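Chemist: Quick one, structure.cif (mmCIF, N, CA and C atoms):
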data_data
loop_
_atom_site.label_atom_id
_atom_site.label_comp_id
_atom_site.auth_asym_id
_atom_site.auth_seq_id
_atom_site.Cartn_x
_atom_site.Cartn_y
_atom_site.Cartn_z
N MET T 1 123.96 68.48 -9.04
CA MET T 1 125.00 69.22 -9.74
C MET T 1 124.73 69.10 -11.25
N THR T 2 124.99 70.15 -11.93
CA THR T 2 124.71 70.17 -13.35
C THR T 2 125.93 69.76 -14.17
N PHE T 3 125.66 69.43 -15.40
CA PHE T 3 126.70 69.02 -16.34
C PHE T 3 127.75 70.12 -16.50
N GLU T 4 127.30 71.36 -16.68
CA GLU T 4 128.21 72.47 -16.92
C GLU T 4 129.07 72.76 -15.70
N LEU T 5 128.48 72.69 -14.52
CA LEU T 5 129.23 72.96 -13.30
C LEU T 5 130.33 71.92 -13.08
N LEU T 6 130.02 70.68 -13.33
CA LEU T 6 131.02 69.63 -13.17
C LEU T 6 132.13 69.75 -14.22
N LEU T 7 131.78 70.16 -15.43
CA LEU T 7 132.82 70.38 -16.44
C LEU T 7 133.70 71.57 -16.08
N VAL T 8 133.11 72.61 -15.50
CA VAL T 8 133.91 73.75 -15.05
C VAL T 8 134.86 73.31 -13.93
N LEU T 9 134.40 72.45 -13.05
CA LEU T 9 135.25 71.91 -11.99
C LEU T 9 136.42 71.12 -12.59
N ALA T 10 136.13 70.28 -13.57
CA ALA T 10 137.19 69.50 -14.22
C ALA T 10 138.17 70.42 -14.96
N ALA T 11 137.65 71.46 -15.62
CA ALA T 11 138.52 72.40 -16.31
C ALA T 11 139.38 73.19 -15.32
N GLY T 12 138.80 73.54 -14.18
CA GLY T 12 139.58 74.22 -13.15
C GLY T 12 140.69 73.36 -12.61
N LEU T 13 140.42 72.08 -12.42
CA LEU T 13 141.44 71.14 -11.97
C LEU T 13 142.55 71.02 -13.00
N PHE T 14 142.17 70.94 -14.27
CA PHE T 14 143.16 70.84 -15.34
C PHE T 14 144.01 72.11 -15.41
N CYS T 15 143.37 73.28 -15.32
CA CYS T 15 144.11 74.54 -15.41
C CYS T 15 145.03 74.74 -14.22
N THR T 16 144.62 74.33 -13.04
CA THR T 16 145.48 74.41 -11.87
C THR T 16 146.72 73.53 -12.06
N GLY T 17 146.53 72.34 -12.58
CA GLY T 17 147.66 71.46 -12.86
C GLY T 17 148.57 72.01 -13.94
N LEU T 18 147.98 72.62 -14.97
CA LEU T 18 148.79 73.22 -16.04
C LEU T 18 149.64 74.35 -15.49
N PHE T 19 149.05 75.21 -14.68
CA PHE T 19 149.82 76.29 -14.06
C PHE T 19 150.93 75.74 -13.19
N GLY T 20 150.61 74.71 -12.41
CA GLY T 20 151.63 74.10 -11.54
C GLY T 20 152.76 73.47 -12.32
N ALA T 21 152.44 72.82 -13.42
CA ALA T 21 153.47 72.16 -14.21
C ALA T 21 154.35 73.16 -14.94
N LEU T 22 153.78 74.27 -15.37
CA LEU T 22 154.55 75.25 -16.13
C LEU T 22 155.30 76.25 -15.26
N SER T 23 154.89 76.44 -14.02
CA SER T 23 155.49 77.47 -13.20
C SER T 23 156.54 76.95 -12.22
N GLN T 24 156.68 75.65 -12.08
CA GLN T 24 157.61 75.10 -11.10
C GLN T 24 158.90 74.62 -11.76
N GLN T 25 159.95 74.53 -10.97
CA GLN T 25 161.21 73.98 -11.46
C GLN T 25 161.56 72.66 -10.79
N SER T 26 160.91 72.36 -9.68
CA SER T 26 161.15 71.10 -9.02
C SER T 26 160.48 69.98 -9.81
N ILE T 27 161.21 68.91 -10.03
CA ILE T 27 160.69 67.80 -10.82
C ILE T 27 159.45 67.20 -10.15
N VAL T 28 159.47 67.08 -8.83
CA VAL T 28 158.33 66.51 -8.12
C VAL T 28 157.10 67.40 -8.26
N MET T 29 157.28 68.71 -8.18
CA MET T 29 156.14 69.63 -8.33
C MET T 29 155.59 69.60 -9.75
N ILE T 30 156.44 69.44 -10.74
CA ILE T 30 155.97 69.32 -12.12
C ILE T 30 155.14 68.05 -12.28
N MET T 31 155.61 66.96 -11.67
CA MET T 31 154.86 65.71 -11.73
C MET T 31 153.52 65.83 -11.02
N MET T 32 153.47 66.60 -9.93
CA MET T 32 152.19 66.81 -9.24
C MET T 32 151.24 67.61 -10.12
N GLY T 33 151.76 68.59 -10.87
CA GLY T 33 150.93 69.34 -11.79
C GLY T 33 150.37 68.45 -12.89
N ILE T 34 151.21 67.57 -13.40
CA ILE T 34 150.76 66.63 -14.43
C ILE T 34 149.69 65.70 -13.86
N GLU T 35 149.87 65.30 -12.61
CA GLU T 35 148.87 64.46 -11.95
C GLU T 35 147.52 65.17 -11.86
N LEU T 36 147.54 66.46 -11.51
CA LEU T 36 146.30 67.23 -11.46
C LEU T 36 145.66 67.35 -12.85
N MET T 37 146.47 67.55 -13.87
CA MET T 37 145.93 67.65 -15.22
C MET T 37 145.26 66.35 -15.64
N ILE T 38 145.89 65.24 -15.37
CA ILE T 38 145.30 63.95 -15.71
C ILE T 38 144.03 63.72 -14.89
N GLY T 39 144.04 64.14 -13.62
CA GLY T 39 142.84 64.03 -12.79
C GLY T 39 141.69 64.85 -13.36
N GLY T 40 141.98 66.03 -13.89
CA GLY T 40 140.94 66.84 -14.53
C GLY T 40 140.37 66.17 -15.76
N ILE T 41 141.23 65.53 -16.54
CA ILE T 41 140.77 64.82 -17.73
C ILE T 41 139.89 63.64 -17.34
N ILE T 42 140.29 62.91 -16.30
CA ILE T 42 139.49 61.77 -15.84
C ILE T 42 138.16 62.26 -15.28
N ALA T 43 138.18 63.38 -14.56
CA ALA T 43 136.92 63.93 -14.02
C ALA T 43 135.98 64.32 -15.16
N ALA T 44 136.52 64.95 -16.21
CA ALA T 44 135.68 65.31 -17.36
C ALA T 44 135.12 64.07 -18.04
N ALA T 45 135.94 63.03 -18.17
CA ALA T 45 135.46 61.78 -18.77
C ALA T 45 134.35 61.16 -17.93
N ALA T 46 134.50 61.22 -16.60
CA ALA T 46 133.47 60.67 -15.72
C ALA T 46 132.17 61.46 -15.83
N VAL T 47 132.29 62.78 -15.97
CA VAL T 47 131.10 63.62 -16.12
C VAL T 47 130.38 63.29 -17.42
N PHE T 48 131.15 63.18 -18.51
CA PHE T 48 130.53 62.84 -19.79
C PHE T 48 129.87 61.47 -19.72
N TRP T 49 130.54 60.52 -19.12
CA TRP T 49 129.95 59.18 -19.02
C TRP T 49 128.66 59.23 -18.20
N HIS T 50 128.69 59.93 -17.07
CA HIS T 50 127.52 59.96 -16.18
C HIS T 50 126.31 60.61 -16.84
N PHE T 51 126.53 61.65 -17.61
CA PHE T 51 125.39 62.37 -18.19
C PHE T 51 124.98 61.86 -19.57
N LEU T 52 125.88 61.24 -20.30
CA LEU T 52 125.55 60.83 -21.67
C LEU T 52 125.18 59.36 -21.79
N ALA T 53 125.80 58.49 -21.02
CA ALA T 53 125.50 57.06 -21.13
C ALA T 53 125.63 56.38 -19.76
N PRO T 54 124.77 56.73 -18.81
CA PRO T 54 124.93 56.16 -17.46
C PRO T 54 124.62 54.67 -17.37
N ALA T 55 123.84 54.15 -18.29
CA ALA T 55 123.45 52.74 -18.21
C ALA T 55 124.55 51.80 -18.72
N ARG T 56 125.46 52.32 -19.52
CA ARG T 56 126.51 51.47 -20.08
C ARG T 56 127.69 51.41 -19.12
N GLY T 57 128.27 50.24 -19.00
CA GLY T 57 129.40 50.05 -18.09
C GLY T 57 130.75 50.32 -18.73
N SER T 58 130.77 50.57 -20.02
CA SER T 58 132.05 50.77 -20.70
C SER T 58 132.74 52.05 -20.24
N GLY T 59 131.98 53.06 -19.85
CA GLY T 59 132.58 54.30 -19.35
C GLY T 59 133.35 54.08 -18.06
N GLN T 60 132.80 53.23 -17.21
CA GLN T 60 133.48 52.92 -15.96
C GLN T 60 134.79 52.20 -16.22
N VAL T 61 134.80 51.30 -17.17
CA VAL T 61 136.02 50.56 -17.50
C VAL T 61 137.10 51.51 -18.01
N VAL T 62 136.72 52.44 -18.86
CA VAL T 62 137.69 53.40 -19.40
C VAL T 62 138.25 54.27 -18.28
N ILE T 63 137.40 54.72 -17.37
CA ILE T 63 137.85 55.57 -16.27
C ILE T 63 138.78 54.80 -15.34
N VAL T 64 138.45 53.57 -15.01
CA VAL T 64 139.33 52.77 -14.16
C VAL T 64 140.66 52.51 -14.85
N ALA T 65 140.64 52.23 -16.15
CA ALA T 65 141.88 52.03 -16.89
C ALA T 65 142.73 53.30 -16.89
N ALA T 66 142.09 54.46 -17.01
CA ALA T 66 142.82 55.72 -16.99
C ALA T 66 143.44 55.97 -15.62
N VAL T 67 142.72 55.66 -14.56
CA VAL T 67 143.26 55.84 -13.20
C VAL T 67 144.44 54.90 -12.97
N VAL T 68 144.34 53.67 -13.42
CA VAL T 68 145.44 52.72 -13.28
C VAL T 68 146.65 53.18 -14.09
N ALA T 69 146.42 53.66 -15.31
CA ALA T 69 147.53 54.17 -16.12
C ALA T 69 148.18 55.38 -15.46
N MET T 70 147.38 56.24 -14.85
CA MET T 70 147.91 57.40 -14.16
C MET T 70 148.77 56.97 -12.97
N ALA T 71 148.33 55.99 -12.22
CA ALA T 71 149.09 55.52 -11.08
C ALA T 71 150.41 54.89 -11.50
N VAL T 72 150.39 54.11 -12.58
CA VAL T 72 151.62 53.49 -13.08
C VAL T 72 152.58 54.56 -13.60
N GLU T 73 152.04 55.56 -14.31
CA GLU T 73 152.89 56.63 -14.84
C GLU T 73 153.55 57.41 -13.71
N MET T 74 152.81 57.70 -12.65
CA MET T 74 153.39 58.43 -11.52
C MET T 74 154.42 57.59 -10.79
N ALA T 75 154.17 56.31 -10.62
CA ALA T 75 155.14 55.44 -9.95
C ALA T 75 156.44 55.37 -10.74
N MET T 76 156.33 55.25 -12.05
CA MET T 76 157.53 55.21 -12.89
C MET T 76 158.25 56.55 -12.87
N GLY T 77 157.50 57.64 -12.90
CA GLY T 77 158.10 58.96 -12.86
C GLY T 77 158.85 59.21 -11.56
N PHE T 78 158.26 58.82 -10.44
CA PHE T 78 158.95 59.00 -9.17
C PHE T 78 160.15 58.07 -9.05
N ALA T 79 160.09 56.89 -9.64
CA ALA T 79 161.24 56.00 -9.63
C ALA T 79 162.40 56.60 -10.43
N VAL T 80 162.10 57.16 -11.59
CA VAL T 80 163.14 57.81 -12.39
C VAL T 80 163.70 59.02 -11.68
N THR T 81 162.83 59.81 -11.05
CA THR T 81 163.28 60.99 -10.31
C THR T 81 164.18 60.59 -9.14
N THR T 82 163.80 59.54 -8.43
CA THR T 82 164.61 59.07 -7.32
C THR T 82 165.96 58.56 -7.80
N ALA T 83 165.97 57.81 -8.90
CA ALA T 83 167.24 57.31 -9.45
C ALA T 83 168.12 58.46 -9.93
N LEU T 84 167.53 59.45 -10.55
CA LEU T 84 168.28 60.62 -11.01
C LEU T 84 168.87 61.38 -9.84
N TYR T 85 168.10 61.53 -8.78
CA TYR T 85 168.61 62.25 -7.61
C TYR T 85 169.74 61.47 -6.94
N ARG T 86 169.58 60.16 -6.84
CA ARG T 86 170.63 59.35 -6.20
C ARG T 86 171.92 59.33 -7.02
N ALA T 87 171.80 59.34 -8.35
CA ALA T 87 172.98 59.26 -9.19
C ALA T 87 173.70 60.60 -9.31
N ARG T 88 172.95 61.71 -9.43
CA ARG T 88 173.58 62.99 -9.72
C ARG T 88 173.18 64.12 -8.79
N GLN T 89 172.40 63.84 -7.76
CA GLN T 89 171.93 64.88 -6.84
C GLN T 89 171.18 65.99 -7.57
N VAL T 90 170.38 65.61 -8.57
CA VAL T 90 169.62 66.56 -9.37
C VAL T 90 168.16 66.50 -8.94
N ASP T 91 167.60 67.65 -8.54
CA ASP T 91 166.18 67.68 -8.19
C ASP T 91 165.45 68.85 -8.84
N MET T 92 166.12 69.64 -9.63
CA MET T 92 165.50 70.76 -10.32
C MET T 92 165.70 70.57 -11.83
N THR T 93 164.77 71.10 -12.61
CA THR T 93 164.85 70.90 -14.05
C THR T 93 166.04 71.61 -14.67
N ASP T 94 166.44 72.75 -14.12
CA ASP T 94 167.62 73.44 -14.65
C ASP T 94 168.90 72.64 -14.46
N MET T 95 168.95 71.89 -13.39
CA MET T 95 170.14 71.09 -13.10
C MET T 95 170.21 69.85 -14.00
N ALA T 96 169.12 69.47 -14.60
CA ALA T 96 169.06 68.25 -15.42
C ALA T 96 169.31 68.53 -16.90
N GLU T 97 169.70 69.75 -17.26
CA GLU T 97 169.91 70.09 -18.66
C GLU T 97 171.05 69.31 -19.29
N ASP T 98 172.04 68.89 -18.51
CA ASP T 98 173.16 68.15 -19.08
C ASP T 98 172.80 66.73 -19.46
N LEU T 99 171.56 66.30 -19.20
CA LEU T 99 171.12 64.95 -19.55
C LEU T 99 170.64 64.85 -20.98
N LYS T 100 170.61 65.97 -21.70
CA LYS T 100 170.15 65.93 -23.10
C LYS T 100 171.08 65.05 -23.91
N GLY T 101 170.47 64.35 -24.88
CA GLY T 101 171.24 63.38 -25.69
C GLY T 101 171.92 63.93 -26.83
#
Please re-express this file's structure in structure tokens.
Modeler:
Amino acid sequence: MTFELLLVLAAGLFCTGLFGALSQQSIVMIMMGIELMIGGIIAAAAVFWHFLAPARGSGQVVIVAAVVAMAVEMAMGFAVTTALYRARQVDMTDMAEDLKG
């Protein structure tokens, strides 16, 4: 696989997530779109690391740290979404407008 093809794949993943995040109203679907966008960014970082500096291990550390941060962010997001739903029965972004400060 070539460098350009893998970057196009990562860009496609990012664009699919962007479309999903901007076109949905369900909080869970928006979070899934954000997850896809972050996955595209991590895929692009992995491609750059593999083709530009494969002998160095620092790229692997950055990618693993990004995946761990993504997992923590999603866990916290789902926890907040679950708490919001339990407290106010809100599962759509339009219904959550009264939460503005």
Chemist: Report the distance between atom N of Gly39 (chain T) and CA of Glu4 (chain T) in Å, rounded to one decimal place.
Modeler: 18.2 Å
Chemist: Compare T:Val72, T:Leu36, T:Ile41, T:Ala46 by their minimum atom-to-atom distance to Phe3 (chain T), counting only C-alpha atoms, and give me the closest one.
Modeler: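 Once distances to Phe3 (chain T) are computed over only C-alpha atoms, the minimum belongs to T:Ala46.
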Chemist: Take atom N of Val8 (chain T) and CA of Met70 (chain T) and report the distance between them in Å, one decimal.
Modeler: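 These atoms are spaced 21.3 Å apart.
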Chemist: Here is a test: counting only C-alpha atoms, which residue of T:Met95, T:Ala83, T:Ala55, T:Val62 is nearest to Ala43 (chain T)?
Modeler: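 Between T:Met95, T:Ala83, T:Ala55, T:Val62, the residue approaching Ala43 (chain T) most closely is T:Val62.
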Chemist: Which residue, T:Pro54, T:Asp91, T:Val64, T:Ala75, has the smallest gap to Val28 (chain T) when you use all atoms listed in the file?
Modeler: T:Asp91
Chemist: When the PyMOL selection byres (((chain T and resi 38 and name CA) around 12) and name CA) is applied to the file above, which residues end up in the set, as number ranges by chain?
Modeler: T: 10-11, 13-18, 21, 31-37, 39-45, 63, 66-71, 73-74
Chemist: Between CA of Thr93 (chain T) and CA of Ser23 (chain T), what distance in Å does the model show, to one decimal?
Modeler: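 Computing the Euclidean distance for CA of Thr93 (chain T) and CA of Ser23 (chain T) yields 11.5 Å.
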Chemist: Pick the closest to Phe51 (chain T) from T:Met76, T:Leu7, T:Ile30, T:Leu84: which is it, counting only C-alpha atoms?
Modeler: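 Nearest candidate to Phe51 (chain T) out of T:Met76, T:Leu7, T:Ile30, T:Leu84: T:Leu7.
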Chemist: Pick out the closest residue to Met92 (chain T) from this set: T:Leu52, T:Leu5, T:Ala79, T:Ile27. Count only N, CA and C atoms.
Modeler: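 For Met92 (chain T), the nearest of the candidates is T:Ile27.
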